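The structure under discussion appears below in the form of structure tokens.
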Amino acid sequence: MIHTRQLTKKFSNRTVLNGVDLDIAQGGIHGLVGRNGVGKSTLLSLIAGQLKPTSGELTVFGEKPFDRASVMDRVALTGVDVTYPSRWRMRDILTAASLRYPGWDEVGAEQLITDFALEDSLHTGYGTLSRGQRAMVGIIVGLASSAELTLLDEPYVGLDTHNRDVFYRHLLAMRDSHRTFVVATHHIHESSKVLDSVIILGRDGTVKYQYTADELSDSYVLATGVVPEAPGVLARQESHGTERALVPRGLIENLGPGVRTETADMSRVIEALLEES
Ligand SMILES: Nc1ncnc2c1ncn2[C@@H]1O[C@H](COP(=O)(O)OP(=O)(O)OP(=O)(O)O)[C@@H](O)[C@H]1O
């Protein structure tokens with residue numbers, strides 16, 4: 001569904017994405033993670049056809065997405081940087097979205113309004129909504145769009161715990177819907193519970209790692225004890241004389257008898273890989 005080779009994006013003289021190789025097949029919820037400023041939003045805007053690549057290959061549904069209606073009609077991009085005219089009331093924004101997306105899910109949108117307790121804000125102008133309420137508008141548009149490819153850029157910014165739970169619950173319910181979601185996120189711990197795969201963008205503007213959730217949980221174990229130095233050992237920590245580290249599963253046999261191993265938490269592995277990226 002999404003295919004890139006050596007995808008590069010420069011702004012003036014600044015290279016942000018520098019040879020991104022990425023393949024995402026149809027279906028599932030994919031996390032796009034990386035440190036601040038590595039180019040996650042830029043990559044989502046390129047995929048959504050809103051930015052033009054500087055060089056390299058990028059196809060979405062087999063076509064170059066930039067300014068191409070046949071691709072853009074099948075893609076929804078919402079999130080932290082997607083704003084609406086400040087005088088539009090929330091209800092106007094949802095009406096506009098229902099006209100924009102042919103598969104608009106009216107029942108789903110109304111359910112989200114209820115679950116986010118937004119009934120009293122439907123006639124409030126976007127400019128006077130709180131940050132959390134704006135985030136909820138973005139989430140409703142993204143999820144109710146029914147777009148085959150839905151790109152959510154830090155969708156939870158400003159949401160309290162209850163409303164983040166509402167978001168993740170609705171997202172999870174769509175997991176088997178044949179829709180594809182790419183979620184740019186810094187909330188590794190929360191989002192890792194719903195992700196089918198993780199893409200880690202590195203500070204050099206390339207994809208450093210792309211793993212399915214199964215590959216991640218199979219790749220590393222959490223080792224406790226005296227963990228020997230070895231290439232690939234991550235997130236070494238010491239407290240009260242006990243060492244803990246993430247050890248590639250292939251190195252388990254090299255660990256001494258006093259080292260205990262257990263399944264590594266996926267979010268811990270992602271955080272560790274992020275540090276390396
Ligand atoms: N339109 C633009 N013109 C010039 N520079 C831009 C533009 N859009 C993004 N950039 C720059 O590209 C870099 C990557 O920005 P981007 O927003 O894609 O990163 P990000 O990974 O989403 O960051 P964060 O996690 O902080 O949201 C930043 O240095 C940013 O200043």
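Just so we're on the same page: first chain in the structure tokens is A, next is B, and so on; residues restart at 1 for each chain, and ligands are numbered from 1 in the order they show up.
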Residues of range 2-247 of chain A in helix (DSSP H, G or I) according to DSSP, as a PyMOL selection string? chain A and resi 40-47+69-72+90-100+106-115+119-121+126-128+131-144+161-173+188-191+213-219
Select the residues contacting ligand 1 at a distance of at most 7 Å, based on only C-alpha atoms and all ligand atoms, then format the selection as a PDB file with all heavy atoms, in the first residue's frame.
ATOM      1  N   PHE A  11      13.881  20.816   2.752  1.00  0.00           N
ATOM      2  CA  PHE A  11      13.258  22.138   2.839  1.00  0.00           C
ATOM      3  C   PHE A  11      14.392  23.139   2.683  1.00  0.00           C
ATOM      4  O   PHE A  11      15.302  23.172   3.527  1.00  0.00           O
ATOM      5  CB  PHE A  11      12.577  22.343   4.193  1.00  0.00           C
ATOM      6  CG  PHE A  11      11.369  21.459   4.394  1.00  0.00           C
ATOM      7  CD1 PHE A  11      11.408  20.425   5.317  1.00  0.00           C
ATOM      8  CD2 PHE A  11      10.200  21.662   3.673  1.00  0.00           C
ATOM      9  CE1 PHE A  11      10.303  19.616   5.515  1.00  0.00           C
ATOM     10  CE2 PHE A  11       9.093  20.853   3.870  1.00  0.00           C
ATOM     11  CZ  PHE A  11       9.139  19.835   4.784  1.00  0.00           C
ATOM     12  N   VAL A  16      15.590  16.686   5.465  1.00  0.00           N
ATOM     13  CA  VAL A  16      14.876  16.119   6.618  1.00  0.00           C
ATOM     14  C   VAL A  16      14.804  14.596   6.468  1.00  0.00           C
ATOM     15  O   VAL A  16      15.272  13.858   7.328  1.00  0.00           O
ATOM     16  CB  VAL A  16      13.470  16.740   6.749  1.00  0.00           C
ATOM     17  CG1 VAL A  16      12.694  16.073   7.872  1.00  0.00           C
ATOM     18  CG2 VAL A  16      13.581  18.232   7.001  1.00  0.00           C
ATOM     19  N   GLY A  34      10.003   8.284  16.500  1.00  0.00           N
ATOM     20  CA  GLY A  34      11.294   8.921  16.258  1.00  0.00           C
ATOM     21  C   GLY A  34      11.384  10.164  17.119  1.00  0.00           C
ATOM     22  O   GLY A  34      10.356  10.700  17.551  1.00  0.00           O
ATOM     23  N   ARG A  35      12.600  10.616  17.354  1.00  0.00           N
ATOM     24  CA  ARG A  35      12.800  11.774  18.218  1.00  0.00           C
ATOM     25  C   ARG A  35      12.197  13.018  17.563  1.00  0.00           C
ATOM     26  O   ARG A  35      11.918  13.036  16.371  1.00  0.00           O
ATOM     27  CB  ARG A  35      14.314  11.986  18.452  1.00  0.00           C
ATOM     28  CG  ARG A  35      15.039  10.730  18.925  1.00  0.00           C
ATOM     29  CD  ARG A  35      14.583  10.310  20.299  1.00  0.00           C
ATOM     30  NE  ARG A  35      14.989  11.259  21.299  1.00  0.00           N
ATOM     31  CZ  ARG A  35      16.154  11.185  21.971  1.00  0.00           C
ATOM     32  NH1 ARG A  35      16.991  10.194  21.758  1.00  0.00           N
ATOM     33  NH2 ARG A  35      16.461  12.090  22.852  1.00  0.00           N
ATOM     34  N   ASN A  36      12.047  14.080  18.366  1.00  0.00           N
ATOM     35  CA  ASN A  36      11.499  15.333  17.827  1.00  0.00           C
ATOM     36  C   ASN A  36      12.271  15.779  16.595  1.00  0.00           C
ATOM     37  O   ASN A  36      13.500  15.761  16.587  1.00  0.00           O
ATOM     38  CB  ASN A  36      11.595  16.461  18.871  1.00  0.00           C
ATOM     39  CG  ASN A  36      10.588  16.315  19.983  1.00  0.00           C
ATOM     40  OD1 ASN A  36      10.949  16.307  21.152  1.00  0.00           O
ATOM     41  ND2 ASN A  36       9.323  16.189  19.642  1.00  0.00           N
ATOM     42  N   GLY A  37      11.541  16.163  15.572  1.00  0.00           N
ATOM     43  CA  GLY A  37      12.155  16.783  14.401  1.00  0.00           C
ATOM     44  C   GLY A  37      12.797  15.835  13.409  1.00  0.00           C
ATOM     45  O   GLY A  37      13.444  16.288  12.467  1.00  0.00           O
ATOM     46  N   VAL A  38      12.600  14.523  13.563  1.00  0.00           N
ATOM     47  CA  VAL A  38      13.243  13.597  12.606  1.00  0.00           C
ATOM     48  C   VAL A  38      12.486  13.513  11.283  1.00  0.00           C
ATOM     49  O   VAL A  38      13.016  12.987  10.306  1.00  0.00           O
ATOM     50  CB  VAL A  38      13.442  12.170  13.175  1.00  0.00           C
ATOM     51  CG1 VAL A  38      14.411  12.165  14.326  1.00  0.00           C
ATOM     52  CG2 VAL A  38      12.117  11.528  13.534  1.00  0.00           C
ATOM     53  N   GLY A  39      11.227  14.009  11.274  1.00  0.00           N
ATOM     54  CA  GLY A  39      10.518  14.041   9.994  1.00  0.00           C
ATOM     55  C   GLY A  39       9.270  13.176   9.924  1.00  0.00           C
ATOM     56  O   GLY A  39       8.796  12.861   8.830  1.00  0.00           O
ATOM     57  N   LYS A  40       8.691  12.833  11.071  1.00  0.00           N
ATOM     58  CA  LYS A  40       7.489  11.981  11.065  1.00  0.00           C
ATOM     59  C   LYS A  40       6.320  12.693  10.360  1.00  0.00           C
ATOM     60  O   LYS A  40       5.672  12.123   9.486  1.00  0.00           O
ATOM     61  CB  LYS A  40       7.086  11.617  12.511  1.00  0.00           C
ATOM     62  CG  LYS A  40       8.155  10.839  13.258  1.00  0.00           C
ATOM     63  CD  LYS A  40       7.731  10.505  14.674  1.00  0.00           C
ATOM     64  CE  LYS A  40       7.563  11.715  15.570  1.00  0.00           C
ATOM     65  NZ  LYS A  40       8.775  12.521  15.761  1.00  0.00           N
ATOM     66  N   SER A  41       6.070  13.952  10.759  1.00  0.00           N
ATOM     67  CA  SER A  41       4.954  14.687  10.129  1.00  0.00           C
ATOM     68  C   SER A  41       5.233  14.913   8.654  1.00  0.00           C
ATOM     69  O   SER A  41       4.310  14.852   7.823  1.00  0.00           O
ATOM     70  CB  SER A  41       4.754  16.048  10.809  1.00  0.00           C
ATOM     71  OG  SER A  41       4.477  15.879  12.165  1.00  0.00           O
ATOM     72  N   THR A  42       6.495  15.170   8.328  1.00  0.00           N
ATOM     73  CA  THR A  42       6.869  15.372   6.923  1.00  0.00           C
ATOM     74  C   THR A  42       6.562  14.114   6.124  1.00  0.00           C
ATOM     75  O   THR A  42       5.980  14.179   5.032  1.00  0.00           O
ATOM     76  CB  THR A  42       8.374  15.719   6.839  1.00  0.00           C
ATOM     77  OG1 THR A  42       8.601  16.899   7.607  1.00  0.00           O
ATOM     78  CG2 THR A  42       8.815  15.931   5.410  1.00  0.00           C
ATOM     79  N   LEU A  43       6.910  12.960   6.666  1.00  0.00           N
ATOM     80  CA  LEU A  43       6.655  11.699   5.960  1.00  0.00           C
ATOM     81  C   LEU A  43       5.149  11.477   5.780  1.00  0.00           C
ATOM     82  O   LEU A  43       4.700  11.088   4.701  1.00  0.00           O
ATOM     83  CB  LEU A  43       7.299  10.535   6.734  1.00  0.00           C
ATOM     84  CG  LEU A  43       7.145   9.147   6.123  1.00  0.00           C
ATOM     85  CD1 LEU A  43       7.680   9.090   4.696  1.00  0.00           C
ATOM     86  CD2 LEU A  43       7.851   8.088   6.977  1.00  0.00           C
TER      87      LEU A  43
END
Skip range 242-252 of chain A itself and residues of its chain fewer than 5 positions away, then list as a VMD selection string all residues within 7 Å of it, counting only C-alpha atoms. chain A and resid 219 to 227 232 to 237
Okay, now the selection with N, CA and C atoms, as a PDB file, in the first residue's frame?
ATOM      1  N   SER A 219      12.420 -10.817  19.461  1.00  0.00           N
ATOM      2  CA  SER A 219      13.816 -10.456  19.215  1.00  0.00           C
ATOM      3  C   SER A 219      14.645 -10.278  20.479  1.00  0.00           C
ATOM      4  N   TYR A 220      14.020  -9.799  21.545  1.00  0.00           N
ATOM      5  CA  TYR A 220      14.785  -9.459  22.752  1.00  0.00           C
ATOM      6  C   TYR A 220      14.172 -10.106  23.984  1.00  0.00           C
ATOM      7  N   VAL A 221      15.020 -10.398  24.951  1.00  0.00           N
ATOM      8  CA  VAL A 221      14.529 -10.801  26.271  1.00  0.00           C
ATOM      9  C   VAL A 221      15.100  -9.823  27.289  1.00  0.00           C
ATOM     10  N   LEU A 222      14.407  -9.706  28.413  1.00  0.00           N
ATOM     11  CA  LEU A 222      14.915  -8.872  29.498  1.00  0.00           C
ATOM     12  C   LEU A 222      15.760  -9.770  30.397  1.00  0.00           C
ATOM     13  N   ALA A 223      17.052  -9.438  30.506  1.00  0.00           N
ATOM     14  CA  ALA A 223      17.971 -10.261  31.306  1.00  0.00           C
ATOM     15  C   ALA A 223      18.311  -9.535  32.596  1.00  0.00           C
ATOM     16  N   THR A 224      18.317 -10.267  33.701  1.00  0.00           N
ATOM     17  CA  THR A 224      18.648  -9.692  35.005  1.00  0.00           C
ATOM     18  C   THR A 224      19.770 -10.518  35.609  1.00  0.00           C
ATOM     19  N   GLY A 225      20.814  -9.822  36.060  1.00  0.00           N
ATOM     20  CA  GLY A 225      21.978 -10.520  36.630  1.00  0.00           C
ATOM     21  C   GLY A 225      23.234  -9.850  36.104  1.00  0.00           C
ATOM     22  N   VAL A 226      24.318 -10.581  35.956  1.00  0.00           N
ATOM     23  CA  VAL A 226      25.538  -9.999  35.393  1.00  0.00           C
ATOM     24  C   VAL A 226      25.503 -10.257  33.882  1.00  0.00           C
ATOM     25  N   VAL A 227      25.134  -9.222  33.153  1.00  0.00           N
ATOM     26  CA  VAL A 227      24.928  -9.385  31.712  1.00  0.00           C
ATOM     27  C   VAL A 227      26.227  -9.013  30.984  1.00  0.00           C
ATOM     28  N   GLY A 232      24.669  -5.536  20.361  1.00  0.00           N
ATOM     29  CA  GLY A 232      23.229  -5.784  20.290  1.00  0.00           C
ATOM     30  C   GLY A 232      22.536  -5.717  21.629  1.00  0.00           C
ATOM     31  N   VAL A 233      23.318  -5.715  22.743  1.00  0.00           N
ATOM     32  CA  VAL A 233      22.687  -5.604  24.065  1.00  0.00           C
ATOM     33  C   VAL A 233      22.268  -4.147  24.260  1.00  0.00           C
ATOM     34  N   LEU A 234      21.011  -3.940  24.680  1.00  0.00           N
ATOM     35  CA  LEU A 234      20.444  -2.589  24.753  1.00  0.00           C
ATOM     36  C   LEU A 234      20.016  -2.260  26.178  1.00  0.00           C
ATOM     37  N   ALA A 235      19.887  -0.958  26.419  1.00  0.00           N
ATOM     38  CA  ALA A 235      19.227  -0.440  27.623  1.00  0.00           C
ATOM     39  C   ALA A 235      19.788  -1.038  28.911  1.00  0.00           C
ATOM     40  N   ARG A 236      21.119  -1.076  28.989  1.00  0.00           N
ATOM     41  CA  ARG A 236      21.746  -1.640  30.188  1.00  0.00           C
ATOM     42  C   ARG A 236      21.528  -0.683  31.364  1.00  0.00           C
ATOM     43  N   GLN A 237      21.059  -1.212  32.471  1.00  0.00           N
ATOM     44  CA  GLN A 237      20.824  -0.389  33.662  1.00  0.00           C
ATOM     45  C   GLN A 237      21.330  -1.140  34.872  1.00  0.00           C
TER      46      GLN A 237
END
At a cut-off of 8 Å, using only C-alpha atoms, what residues contact Arg89 in chain A? Leave out same-chain residues fewer than 6 positions from it and give the result as a PDB file with C-alpha atoms, in the first residue's frame.
ATOM      1  CA  LEU A 122     -20.801  21.080  18.843  1.00  0.00           C
ATOM      2  CA  HIS A 123     -21.696  24.719  18.215  1.00  0.00           C
ATOM      3  CA  THR A 124     -18.441  26.154  19.522  1.00  0.00           C
ATOM      4  CA  GLY A 125     -16.022  27.686  17.006  1.00  0.00           C
ATOM      5  CA  TYR A 126     -12.828  25.709  16.401  1.00  0.00           C
TER       6      TYR A 126
END
Need the shell around Tyr211 in chain A: protein/DNA/RNA residues with any atom at most 7 Å away, counting only C-alpha atoms. Skip same-chain ones fewer than 6 positions apart. Format as a list in words?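 Final neighbour list, sorted by chain and number: Ser197, Val198 and Ile199 of chain A.
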How would the residues just picked look written out with C-alpha atoms as a PDB file, in the first residue's frame?
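Everything below was put into out.pdb:
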ATOM      1  CA  SER A 197       4.174  -2.895  13.700  1.00  0.00           C
ATOM      2  CA  VAL A 198       6.618  -0.138  14.513  1.00  0.00           C
ATOM      3  CA  ILE A 199       8.694   2.031  12.198  1.00  0.00           C
TER       4      ILE A 199
END
At a cut-off of 6 Å, using only C-alpha atoms, what residues contact Gly27 in chain A? Leave out same-chain residues fewer than 6 positions from it and give the result as a list in words.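 Answer for this query is His178, Arg179 and Thr180 of chain A.
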Going by DSSP on the backbone, which residues of range 42-173 of chain A come out as strand (DSSP E or B)? List them as a ChimeraX atom specification. /A:55-60,63,75-79,89,125,149-153
Those residues with N, CA and C atoms, as a CSV table (one decimal), in the first residue's frame please?
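Below is the file result.csv, written as the result:
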chain,number,residue,atom,x,y,z
A,55,SER,N,13.3,13.8,-4.0
A,55,SER,CA,13.8,12.8,-4.9
A,55,SER,C,13.4,11.4,-4.3
A,56,GLY,N,13.6,10.4,-5.1
A,56,GLY,CA,13.3,9.1,-4.6
A,56,GLY,C,11.9,8.6,-5.0
A,57,GLU,N,11.6,7.4,-4.7
A,57,GLU,CA,10.3,6.8,-5.1
A,57,GLU,C,9.3,6.9,-3.9
A,58,LEU,N,8.1,7.2,-4.2
A,58,LEU,CA,7.0,7.1,-3.2
A,58,LEU,C,5.7,6.8,-4.0
A,59,THR,N,5.1,5.6,-3.7
A,59,THR,CA,3.8,5.3,-4.2
A,59,THR,C,2.9,4.9,-3.1
A,60,VAL,N,1.6,5.3,-3.2
A,60,VAL,CA,0.6,4.9,-2.3
A,60,VAL,C,-0.6,4.4,-3.2
A,63,GLU,N,0.3,4.5,-6.8
A,63,GLU,CA,0.4,5.8,-7.6
A,63,GLU,C,1.2,6.8,-6.8
A,75,VAL,N,-7.2,8.7,1.4
A,75,VAL,CA,-6.3,8.9,2.5
A,75,VAL,C,-6.9,10.0,3.4
A,76,ALA,N,-6.9,9.8,4.7
A,76,ALA,CA,-7.2,10.9,5.6
A,76,ALA,C,-6.0,11.1,6.5
A,77,LEU,N,-5.6,12.4,6.6
A,77,LEU,CA,-4.5,12.8,7.5
A,77,LEU,C,-5.1,13.8,8.5
A,78,THR,N,-5.0,13.4,9.8
A,78,THR,CA,-5.5,14.3,10.9
A,78,THR,C,-4.4,14.3,12.0
A,79,GLY,N,-4.5,15.3,12.8
A,79,GLY,CA,-3.6,15.3,14.0
A,79,GLY,C,-3.1,16.7,14.3
A,89,ARG,N,-17.7,26.0,13.3
A,89,ARG,CA,-18.1,25.3,14.6
A,89,ARG,C,-17.7,23.8,14.4
A,125,GLY,N,-17.0,27.5,18.1
A,125,GLY,CA,-16.0,27.7,17.0
A,125,GLY,C,-14.7,27.0,17.3
A,149,LEU,N,-6.7,4.4,4.0
A,149,LEU,CA,-5.4,4.7,4.7
A,149,LEU,C,-5.6,6.0,5.6
A,150,THR,N,-5.5,5.8,6.9
A,150,THR,CA,-5.7,6.9,7.8
A,150,THR,C,-4.4,7.2,8.6
A,151,LEU,N,-4.0,8.4,8.5
A,151,LEU,CA,-2.7,8.8,9.0
A,151,LEU,C,-3.0,9.7,10.2
A,152,LEU,N,-2.6,9.3,11.4
A,152,LEU,CA,-2.9,10.1,12.6
A,152,LEU,C,-1.6,10.6,13.2
A,153,ASP,N,-1.5,12.0,13.2
A,153,ASP,CA,-0.2,12.6,13.6
A,153,ASP,C,-0.4,13.1,15.1
